[in-house]
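**Q** Quick one, coords06.cif (mmCIF, C-alpha atoms and all ligand atoms):
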data_entry
loop_
_atom_site.label_atom_id
_atom_site.label_comp_id
_atom_site.auth_asym_id
_atom_site.auth_seq_id
_atom_site.Cartn_x
_atom_site.Cartn_y
_atom_site.Cartn_z
CA MET A 228 27.19 8.45 29.73
CA ALA A 229 24.45 6.42 31.42
CA GLY A 230 22.29 6.78 28.29
CA THR A 231 25.02 5.82 25.80
CA GLY A 232 25.98 2.90 28.05
CA ALA A 233 22.41 1.58 28.21
CA ALA A 234 22.10 2.00 24.42
CA ALA A 235 25.41 0.22 23.77
CA ARG A 236 24.32 -2.78 25.86
CA ALA A 237 21.29 -3.08 23.53
CA GLY A 238 23.54 -2.91 20.44
CA ILE A 239 22.95 0.78 19.65
CA LEU A 240 26.10 2.88 19.23
CA LEU A 241 25.49 6.62 19.69
CA ARG A 242 28.41 8.51 18.14
CA ASP A 243 28.28 11.63 20.33
CA ALA A 244 26.09 13.98 22.41
CA ASP A 245 25.04 15.75 19.22
CA ALA A 246 23.53 12.50 17.87
CA ILE A 247 21.56 12.10 21.14
CA GLU A 248 20.11 15.60 20.87
CA ARG A 249 19.14 15.19 17.22
CA ALA A 250 17.68 11.70 17.78
CA GLY A 251 15.44 13.03 20.52
CA ARG A 252 13.67 15.40 18.10
CA ILE A 253 13.01 12.99 15.16
CA THR A 254 9.45 13.03 13.72
CA LEU A 255 9.91 10.87 10.58
CA VAL A 256 12.08 7.81 9.92
CA ALA A 257 12.91 6.96 6.28
CA PHE A 258 14.06 3.38 5.73
CA ASP A 259 16.12 2.15 2.82
CA LYS A 260 14.59 -1.11 1.54
CA THR A 261 17.26 -3.59 0.48
CA GLY A 262 19.54 -4.65 3.32
CA THR A 263 17.68 -2.49 5.82
CA LEU A 264 14.05 -3.66 5.92
CA THR A 265 14.95 -6.80 3.96
CA GLU A 266 17.78 -9.27 4.49
CA GLY A 267 19.64 -7.81 1.50
CA LYS A 268 20.44 -11.31 0.28
CA PRO A 269 18.20 -11.65 -2.78
CA ARG A 270 18.07 -14.97 -4.57
CA LEU A 271 17.41 -15.53 -8.24
CA ALA A 272 13.75 -16.60 -8.27
CA ALA A 273 13.38 -16.99 -12.05
CA LEU A 274 15.23 -16.43 -15.31
CA HIS A 275 13.23 -15.99 -18.51
CA PRO A 276 15.29 -15.96 -21.73
CA ALA A 277 13.80 -14.28 -24.81
CA PRO A 278 12.80 -16.67 -27.63
CA GLY A 279 15.90 -17.96 -29.43
CA PHE A 280 18.15 -17.27 -26.45
CA ALA A 281 19.32 -20.06 -24.11
CA ARG A 282 18.96 -19.85 -20.31
CA ALA A 283 22.54 -20.99 -19.72
CA GLU A 284 23.86 -18.41 -22.19
CA ALA A 285 21.91 -15.57 -20.54
CA LEU A 286 23.17 -16.63 -17.11
CA ALA A 287 26.81 -16.84 -18.31
CA ILE A 288 26.68 -13.36 -19.93
CA ALA A 289 25.02 -11.80 -16.87
CA ALA A 290 27.63 -13.39 -14.61
CA ALA A 291 30.49 -12.14 -16.83
CA LEU A 292 29.07 -8.59 -16.65
CA GLN A 293 28.88 -8.77 -12.87
CA ALA A 294 32.10 -10.65 -12.07
CA GLY A 295 33.69 -9.10 -8.98
CA SER A 296 30.65 -6.93 -8.17
CA GLU A 297 29.53 -6.62 -4.54
CA HIS A 298 25.97 -5.64 -5.50
CA PRO A 299 23.45 -8.02 -3.85
CA LEU A 300 21.72 -8.85 -7.16
CA ALA A 301 25.13 -9.52 -8.74
CA ARG A 302 26.03 -11.88 -5.92
CA ALA A 303 22.77 -13.80 -6.47
CA VAL A 304 23.61 -14.22 -10.18
CA LEU A 305 27.23 -15.21 -9.50
CA HIS A 306 26.07 -17.71 -6.89
CA GLU A 307 23.86 -19.30 -9.53
CA ALA A 308 26.42 -19.21 -12.34
CA GLY A 309 29.58 -20.47 -10.62
CA ALA A 310 33.01 -19.66 -12.16
CA VAL A 311 33.06 -16.93 -14.85
CA SER A 312 35.57 -14.84 -16.79
CA PRO A 313 34.83 -11.10 -16.49
CA ALA A 314 33.47 -8.98 -19.36
CA LYS A 315 35.78 -6.67 -21.34
CA ASP A 316 35.39 -2.89 -21.63
CA PHE A 317 33.28 -2.97 -18.48
CA ARG A 318 31.40 0.15 -17.32
CA ALA A 319 29.03 0.81 -14.41
CA LEU A 320 25.89 2.83 -15.17
CA PRO A 321 25.07 4.39 -11.76
CA GLY A 322 21.55 3.62 -10.56
CA ARG A 323 20.81 1.68 -13.75
CA GLY A 324 23.16 -1.28 -14.19
CA VAL A 325 26.33 -2.29 -15.97
CA GLU A 326 27.55 -2.82 -19.53
CA GLY A 327 30.46 -4.63 -21.15
CA VAL A 328 31.59 -6.84 -23.99
CA VAL A 329 31.13 -10.63 -23.71
CA GLY A 330 32.16 -12.90 -26.60
CA GLY A 331 32.71 -9.90 -28.91
CA GLN A 332 29.17 -8.64 -28.34
CA ARG A 333 28.20 -5.58 -26.23
CA TYR A 334 25.55 -6.23 -23.57
CA ALA A 335 23.96 -4.18 -20.80
CA LEU A 336 22.38 -5.55 -17.65
CA GLY A 337 20.14 -3.45 -15.45
CA SER A 338 16.80 -2.03 -14.41
CA SER A 339 13.59 -1.47 -16.36
CA ARG A 340 14.67 2.19 -16.56
CA LEU A 341 17.83 1.11 -18.40
CA LEU A 342 15.77 -0.93 -20.90
CA LEU A 343 13.46 2.04 -21.40
CA GLU A 344 16.38 4.43 -21.92
CA ALA A 345 17.95 2.00 -24.41
CA GLY A 346 14.75 2.40 -26.37
CA GLY A 347 13.85 -1.27 -26.04
CA GLY A 348 10.48 -2.87 -25.41
CA ARG A 349 9.77 -5.86 -23.18
CA GLY A 350 8.62 -7.91 -26.17
CA ALA A 351 7.84 -11.55 -25.43
CA LEU A 352 8.97 -11.09 -21.79
CA ALA A 353 6.26 -8.53 -20.93
CA ASP A 354 3.92 -11.06 -19.26
CA ALA A 355 6.70 -12.57 -17.13
CA ALA A 356 7.81 -9.05 -16.15
CA ALA A 357 4.29 -7.99 -15.16
CA ALA A 358 3.85 -11.16 -13.06
CA GLY A 359 7.20 -10.57 -11.35
CA GLU A 360 6.37 -6.92 -10.60
CA ALA A 361 2.98 -7.88 -9.18
CA ALA A 362 4.73 -10.37 -6.88
CA GLY A 363 7.11 -7.64 -5.68
CA GLN A 364 10.17 -9.19 -7.29
CA SER A 365 13.10 -7.08 -8.49
CA LEU A 366 13.59 -7.08 -12.26
CA SER A 367 16.87 -7.08 -14.13
CA TRP A 368 17.15 -7.06 -17.93
CA LEU A 369 19.89 -8.43 -20.15
CA ILE A 370 19.93 -6.07 -23.13
CA GLU A 371 21.69 -6.41 -26.49
CA GLY A 372 21.47 -3.23 -28.58
CA ASN A 373 17.95 -2.23 -27.63
CA GLU A 374 16.53 -5.77 -27.48
CA ALA A 375 15.63 -7.48 -24.19
CA ARG A 376 17.43 -10.86 -24.29
CA ALA A 377 16.53 -12.16 -20.84
CA LEU A 378 14.63 -11.22 -17.70
CA PHE A 379 16.02 -11.99 -14.23
CA LEU A 380 13.61 -11.97 -11.26
CA PHE A 381 14.93 -11.67 -7.71
CA GLU A 382 13.30 -12.18 -4.31
CA ASP A 383 14.47 -10.73 -0.98
CA ALA A 384 12.91 -11.73 2.37
CA PRO A 385 11.95 -9.00 4.89
CA ARG A 386 13.96 -8.87 8.11
CA THR A 387 12.21 -10.33 11.18
CA GLY A 388 12.39 -7.02 13.09
CA ALA A 389 10.81 -4.93 10.33
CA ALA A 390 7.21 -5.13 11.61
CA ALA A 391 8.34 -4.47 15.20
CA ALA A 392 10.26 -1.41 13.96
CA VAL A 393 7.18 0.18 12.39
CA ALA A 394 4.99 -0.66 15.42
CA GLY A 395 7.63 0.80 17.75
CA LEU A 396 7.75 4.05 15.78
CA ALA A 397 3.95 4.33 15.89
CA ALA A 398 4.10 3.99 19.69
CA LEU A 399 6.52 6.95 19.77
CA GLY A 400 4.33 9.00 17.40
CA VAL A 401 7.01 8.91 14.67
CA LYS A 402 6.03 8.46 11.00
CA PRO A 403 7.61 5.64 8.97
CA ALA A 404 8.61 6.07 5.31
CA MET A 405 10.66 4.22 2.70
CA ILE A 406 13.16 5.29 0.04
CA SER A 407 14.17 2.69 -2.53
CA GLY A 408 15.96 2.60 -5.84
CA ASP A 409 13.84 -0.39 -6.84
CA GLN A 410 10.72 -0.43 -8.97
CA ARG A 411 7.58 0.86 -7.27
CA ALA A 412 5.87 -2.56 -7.17
CA ALA A 413 8.90 -4.17 -5.51
CA ALA A 414 9.07 -1.34 -2.94
CA LEU A 415 5.33 -1.54 -2.18
CA ALA A 416 5.51 -5.34 -1.81
CA VAL A 417 7.78 -4.78 1.21
CA ALA A 418 6.24 -1.51 2.49
CA SER A 419 2.52 -2.31 2.31
CA PRO A 420 2.47 -5.40 4.58
CA LEU A 421 4.42 -3.33 7.16
CA GLY A 422 1.90 -0.46 6.96
CA ILE A 423 4.35 2.03 5.42
CA THR A 424 2.37 4.23 3.02
CA ASP A 425 4.89 7.04 2.40
CA VAL A 426 7.03 5.31 -0.23
CA ALA A 427 9.54 6.95 -2.60
CA ALA A 428 10.51 4.33 -5.22
CA GLU A 429 12.77 4.32 -8.28
CA VAL A 430 14.97 6.93 -6.59
CA LEU A 431 18.44 7.25 -8.15
CA PRO A 432 21.38 7.24 -5.68
CA ASP A 433 21.81 11.04 -5.78
CA GLY A 434 18.03 11.46 -5.39
CA LYS A 435 17.90 9.94 -1.90
CA ALA A 436 19.42 13.03 -0.25
CA ALA A 437 17.05 15.26 -2.26
CA ARG A 438 14.06 13.24 -0.98
CA ILE A 439 15.31 13.73 2.61
CA ALA A 440 15.60 17.49 1.95
CA ALA A 441 12.00 17.57 0.66
CA TRP A 442 10.74 16.00 3.91
CA GLN A 443 12.83 18.49 5.91
CA GLU A 444 11.33 21.40 3.98
CA ALA A 445 7.89 20.01 4.84
CA GLY A 446 8.83 20.53 8.50
CA GLU A 447 9.87 17.02 9.48
CA ALA A 448 12.95 16.17 11.55
CA VAL A 449 14.13 13.19 9.49
CA ALA A 450 16.14 10.12 10.45
CA MET A 451 17.45 8.01 7.56
CA VAL A 452 18.16 4.31 8.10
CA GLY A 453 20.41 2.68 5.50
CA ASP A 454 23.18 0.20 4.83
CA GLY A 455 24.65 0.87 1.39
CA VAL A 456 27.24 3.07 -0.30
CA ASN A 457 24.38 4.80 -2.13
CA ASP A 458 22.70 5.65 1.22
CA ALA A 459 25.72 7.63 2.48
CA PRO A 460 24.69 11.08 1.10
CA ALA A 461 21.15 10.64 2.51
CA LEU A 462 22.54 9.50 5.89
CA ALA A 463 24.67 12.66 6.00
CA LYS A 464 21.82 14.92 4.82
CA ALA A 465 19.27 13.63 7.33
CA ASP A 466 18.92 15.20 10.77
CA LEU A 467 20.08 11.82 12.05
CA GLY A 468 21.76 9.03 10.08
CA ILE A 469 21.25 5.47 11.37
CA ALA A 470 23.47 2.80 9.78
CA MET A 471 22.93 -0.94 9.88
CA GLY A 472 26.04 -2.55 11.40
CA THR A 473 25.73 -5.22 8.70
CA GLY A 474 26.12 -2.48 6.07
CA THR A 475 29.06 -0.85 4.32
CA ASP A 476 31.80 1.12 6.12
CA ILE A 477 30.91 4.35 4.33
CA ALA A 478 27.30 4.11 5.56
CA ILE A 479 28.56 3.62 9.13
CA GLN A 480 31.00 6.56 8.74
CA SER A 481 28.18 8.84 7.55
CA ALA A 482 25.81 8.01 10.43
CA GLY A 483 25.42 9.33 13.97
CA VAL A 484 23.98 6.02 15.16
CA THR A 485 25.03 2.46 14.28
CA LEU A 486 22.85 -0.59 14.97
CA LEU A 487 25.26 -3.42 15.75
CA ARG A 488 22.79 -6.26 15.15
CA GLY A 489 21.35 -4.95 11.88
CA ASP A 490 17.89 -5.32 13.42
CA PRO A 491 15.45 -2.56 12.32
CA ALA A 492 13.54 -2.99 15.62
CA LEU A 493 16.51 -1.21 17.24
CA VAL A 494 15.51 2.03 15.41
CA PRO A 495 12.55 2.88 17.71
CA ALA A 496 14.66 1.65 20.63
CA ALA A 497 17.38 4.17 19.69
CA LEU A 498 14.83 7.01 19.51
CA GLU A 499 13.37 5.94 22.85
CA ILE A 500 16.66 5.78 24.79
CA THR A 501 17.78 9.15 23.40
CA ARG A 502 14.44 10.74 24.40
CA LEU A 503 14.78 9.26 27.90
CA THR A 504 18.38 10.51 28.10
CA LEU A 505 17.38 14.05 27.11
CA ARG A 506 14.57 13.96 29.68
CA LYS A 507 17.07 12.92 32.38
CA ILE A 508 19.42 15.75 31.37
CA ARG A 509 16.59 18.28 31.77
CA GLN A 510 15.48 16.78 35.12
CA ASN A 511 19.04 16.89 36.40
CA LEU A 512 19.55 20.48 35.28
CA PHE A 513 16.35 21.39 37.12
CA TRP A 514 17.47 19.71 40.34
CA ALA A 515 21.06 21.00 40.15
CA PHE A 516 19.85 24.59 39.76
CA GLY A 517 16.89 24.08 42.12
CA TYR A 518 19.06 23.16 45.11
CA ASN A 519 21.24 26.23 44.55
CA LEU A 520 18.40 28.64 43.82
CA LEU A 521 16.82 27.65 47.13
CA GLY A 522 19.97 27.07 49.20
CA VAL A 523 22.18 30.02 48.25
CA PRO A 524 19.65 32.78 49.21
CA LEU A 525 18.77 30.95 52.45
CA ALA A 526 22.46 30.65 53.34
CA ALA A 527 23.12 34.29 52.41
CA LEU A 528 20.34 35.39 54.79
CA GLY A 529 21.83 33.27 57.54
CA LEU A 530 18.92 30.85 57.59
CA LEU A 531 20.99 27.77 56.65
CA SER A 532 23.67 26.40 58.94
CA PRO A 533 26.96 25.36 57.25
CA PRO A 534 26.55 21.63 58.13
CA ILE A 535 23.10 21.52 56.52
CA ALA A 536 24.33 23.52 53.47
CA GLY A 537 27.23 21.06 53.06
CA ALA A 538 24.87 18.09 53.33
CA ALA A 539 22.51 19.68 50.76
CA MET A 540 25.40 20.22 48.34
CA ALA A 541 26.37 16.53 48.59
CA ALA A 542 22.73 15.40 48.38
CA SER A 543 22.32 17.36 45.16
CA SER A 544 25.21 15.50 43.50
CA VAL A 545 24.00 12.13 44.78
CA SER A 546 20.42 12.68 43.61
CA VAL A 547 21.53 13.82 40.14
CA LEU A 548 23.87 10.83 39.72
CA THR A 549 21.28 8.37 41.02
CA ASN A 550 18.67 9.76 38.67
CA ALA A 551 21.08 9.39 35.73
CA LEU A 552 22.10 5.86 36.70
CA LEU A 553 18.43 4.79 36.71
CA LEU A 554 18.78 4.91 32.89
CA SER A 555 20.96 1.80 32.98
CA ARG A 556 17.83 -0.21 33.86
CA TRP A 557 16.46 0.57 30.38
CA ARG A 558 15.97 -2.36 27.95
CA PRO A 559 14.53 -2.28 24.41
CA ARG A 560 10.91 -3.47 24.26
CA SER A 561 11.41 -6.24 21.72
MG MG A 601 20.39 -0.89 0.99
#
Render the structure in this file as structure tokens.
**A**
Amino acid sequence: MAGTGAAARAGILLRDADAIERAGRITLVAFDKTGTLTEGKPRLAALHPAPGFARAEALAIAAALQAGSEHPLARAVLHEAGAVSPAKDFRALPGRGVEGVVGGQRYALGSSRLLLEAGGGRGALADAAAAGEAAGQSLSWLIEGNEARALFLFEDAPRTGAAAAVAGLAALGVKPAMISGDQRAAALAVASPLGITDVAAEVLPDGKAARIAAWQEAGEAVAMVGDGVNDAPALAKADLGIAMGTGTDIAIQSAGVTLLRGDPALVPAALEITRLTLRKIRQNLFWAFGYNLLGVPLAALGLLSPPIAGAAMAASSVSVLTNALLLSRWRPRS
């Protein structure tokens, strides 16, 4: 109770005692990228239409395909486009994008993987795409048939606590890693400056849990930190799920720990307070048994007077409680 109270004051909600025990053993922390290490509010940095295609037209079609979507990239497009009427015959393509009919013509909007699977090349947009990838931007393609009609480039700023999170894990001897559905270059653009070298990119939503399982088979006790609907299976699969409080309800439901402030620097803080709590529990067990192991035989042999035995019994409770309450002085480092 002292440990969960100290954690809660710092904005870390520990679901139950089980979460505390599992958190205390973690050796590797896998971060989701978008919305976890980054703000999750990407903005449209550039829009390159293919030759013969107008910028305004590309923007209007993309917005129609994404009308009503809660996806961060969709919100960035809708913010740019203003009012739109939604596409007809709309369909989501999990992990790839969306498709639908706009103005009697079928379009798809999605990742480079989607363009590749449609059998399309990058054509005249190849240079702009390569420049965007090198800059760590997220790419989204507007595709008609198997032709790339426009390239959308998005930028997402890292969260301020991201560097402190990685430094804090290093201080605890815990390895950092990243799992992202985004292109490898976009994932590395966030991971590399933070010093995260273990990066799994272009992971489909159902692949995140499989990646966690692979780390577990390699002997790691894995914590997964995420915010999105697509992180939920990985949060449940991990030894410990940590949800950003700024994330979706299903992520929070799937996690043993919730960070109220959505600050990744609270991740090492959560591991630290749970380790301290477990240490206190062991200390207190030692003292509780220690008093009795010493006192009961002495009393049985008549070497301990009842008043002293009574005082020792009370002193044992007081010392255990005091030791536990010392936890409430704990504060996160950052
Ligand atoms: Mg996310």
**Q** Nearest to Ala482 in chain A: which of A:Leu240, A:Ala229, A:Ala394, A:Leu498 is it, counting all atoms listed in the file?
**A** A:Leu240
**Q** Fewer than 2 positions away in the same chain doesn't count, so skip those; otherwise give me all residues within 9 Å of Thr231 in chain A, counting only C-alpha atoms, as an NGL selection string.
**A** :A and (228-229 or 233-236 or 239-244 or 247 or 500-501 or 504)
**Q** Produce a table with one row for each residue of chain A that has an atom at most 7 Å from any atom of ligand MG 601 (chain A), each row naming the nearest atom pair and its distance in Å at one decimal; use all atoms listed in the file; arrange rows by chain and rising residue number; format as a Markdown table.
**A**
| residue | atom | partner | partner_atom | distance |
| --- | --- | --- | --- | --- |
| A:Asp259 | CA | A:MG601 | MG | 5.6 |
| A:Lys260 | CA | A:MG601 | MG | 5.8 |
| A:Thr261 | CA | A:MG601 | MG | 4.2 |
| A:Gly262 | CA | A:MG601 | MG | 4.5 |
| A:Thr263 | CA | A:MG601 | MG | 5.8 |
| A:Gly267 | CA | A:MG601 | MG | 7.0 |
| A:Gly453 | CA | A:MG601 | MG | 5.8 |
| A:Asp454 | CA | A:MG601 | MG | 4.9 |
| A:Gly455 | CA | A:MG601 | MG | 4.6 |
| A:Asp458 | CA | A:MG601 | MG | 6.9 |
**Q** Using only C-alpha atoms, which of the listed residues (A:Leu503, A:Val547, A:Ala413, A:Ala356) sits closest to Val426 in chain A?
**A**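 Among A:Leu503, A:Val547, A:Ala413, A:Ala356, it is A:Ala413 that comes nearest to Val426 in chain A.
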**Q** Rounded to one decimal, what separation in Å do you get between CA of Leu255 in chain A and CA of Leu554 in chain A?
**A** 24.7 Å
**Q** Between CA of Ala492 in chain A and CA of Ala440 in chain A, what is the distance, to one decimal in Å?
**A**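 So the answer is 24.7 Å.
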**Q** Step by step: locate range 355-373 of chain A in the block above, keep N, CA and C atoms, then write the file as a short mmCIF file (atom, residue, chain, number, x, y, z; two decimals), in the first residue's frame.
**A**
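Saved as result.cif:
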data_model
loop_
_atom_site.label_atom_id
_atom_site.label_comp_id
_atom_site.auth_asym_id
_atom_site.auth_seq_id
_atom_site.Cartn_x
_atom_site.Cartn_y
_atom_site.Cartn_z
N ALA A 355 11.29 12.30 -53.85
CA ALA A 355 10.65 12.94 -52.69
C ALA A 355 10.47 11.91 -51.58
N ALA A 356 10.15 10.66 -51.94
CA ALA A 356 9.95 9.61 -50.94
C ALA A 356 11.27 9.30 -50.24
N ALA A 357 12.36 9.19 -51.03
CA ALA A 357 13.66 8.87 -50.44
C ALA A 357 14.10 9.99 -49.49
N ALA A 358 13.85 11.25 -49.88
CA ALA A 358 14.24 12.38 -49.03
C ALA A 358 13.43 12.35 -47.73
N GLY A 359 12.14 12.06 -47.85
CA GLY A 359 11.28 11.99 -46.66
C GLY A 359 11.72 10.88 -45.72
N GLU A 360 12.03 9.70 -46.28
CA GLU A 360 12.47 8.57 -45.46
C GLU A 360 13.77 8.89 -44.75
N ALA A 361 14.70 9.54 -45.48
CA ALA A 361 15.99 9.89 -44.87
C ALA A 361 15.80 10.86 -43.72
N ALA A 362 14.75 11.71 -43.80
CA ALA A 362 14.50 12.69 -42.75
C ALA A 362 13.65 12.09 -41.63
N GLY A 363 13.32 10.78 -41.75
CA GLY A 363 12.55 10.14 -40.69
C GLY A 363 11.06 10.45 -40.73
N GLN A 364 10.58 10.96 -41.86
CA GLN A 364 9.16 11.26 -41.96
C GLN A 364 8.37 10.00 -42.28
N SER A 365 7.08 9.99 -41.89
CA SER A 365 6.21 8.87 -42.23
C SER A 365 5.61 9.11 -43.60
N LEU A 366 5.58 8.03 -44.42
CA LEU A 366 5.08 8.17 -45.80
C LEU A 366 3.69 7.58 -45.91
N SER A 367 2.86 8.23 -46.72
CA SER A 367 1.54 7.71 -47.01
C SER A 367 1.28 7.96 -48.50
N TRP A 368 0.79 6.92 -49.18
CA TRP A 368 0.61 7.00 -50.63
C TRP A 368 -0.86 7.02 -50.99
N LEU A 369 -1.23 7.91 -51.92
CA LEU A 369 -2.56 7.85 -52.52
C LEU A 369 -2.41 7.05 -53.81
N ILE A 370 -3.16 5.93 -53.89
CA ILE A 370 -2.96 4.99 -54.99
C ILE A 370 -4.26 4.82 -55.78
N GLU A 371 -4.14 4.91 -57.12
CA GLU A 371 -5.28 4.65 -57.99
C GLU A 371 -4.90 3.48 -58.89
N GLY A 372 -5.64 2.38 -58.79
CA GLY A 372 -5.21 1.16 -59.50
C GLY A 372 -3.92 0.69 -58.89
N ASN A 373 -2.83 0.75 -59.66
CA ASN A 373 -1.53 0.48 -59.05
C ASN A 373 -0.56 1.65 -59.27
#
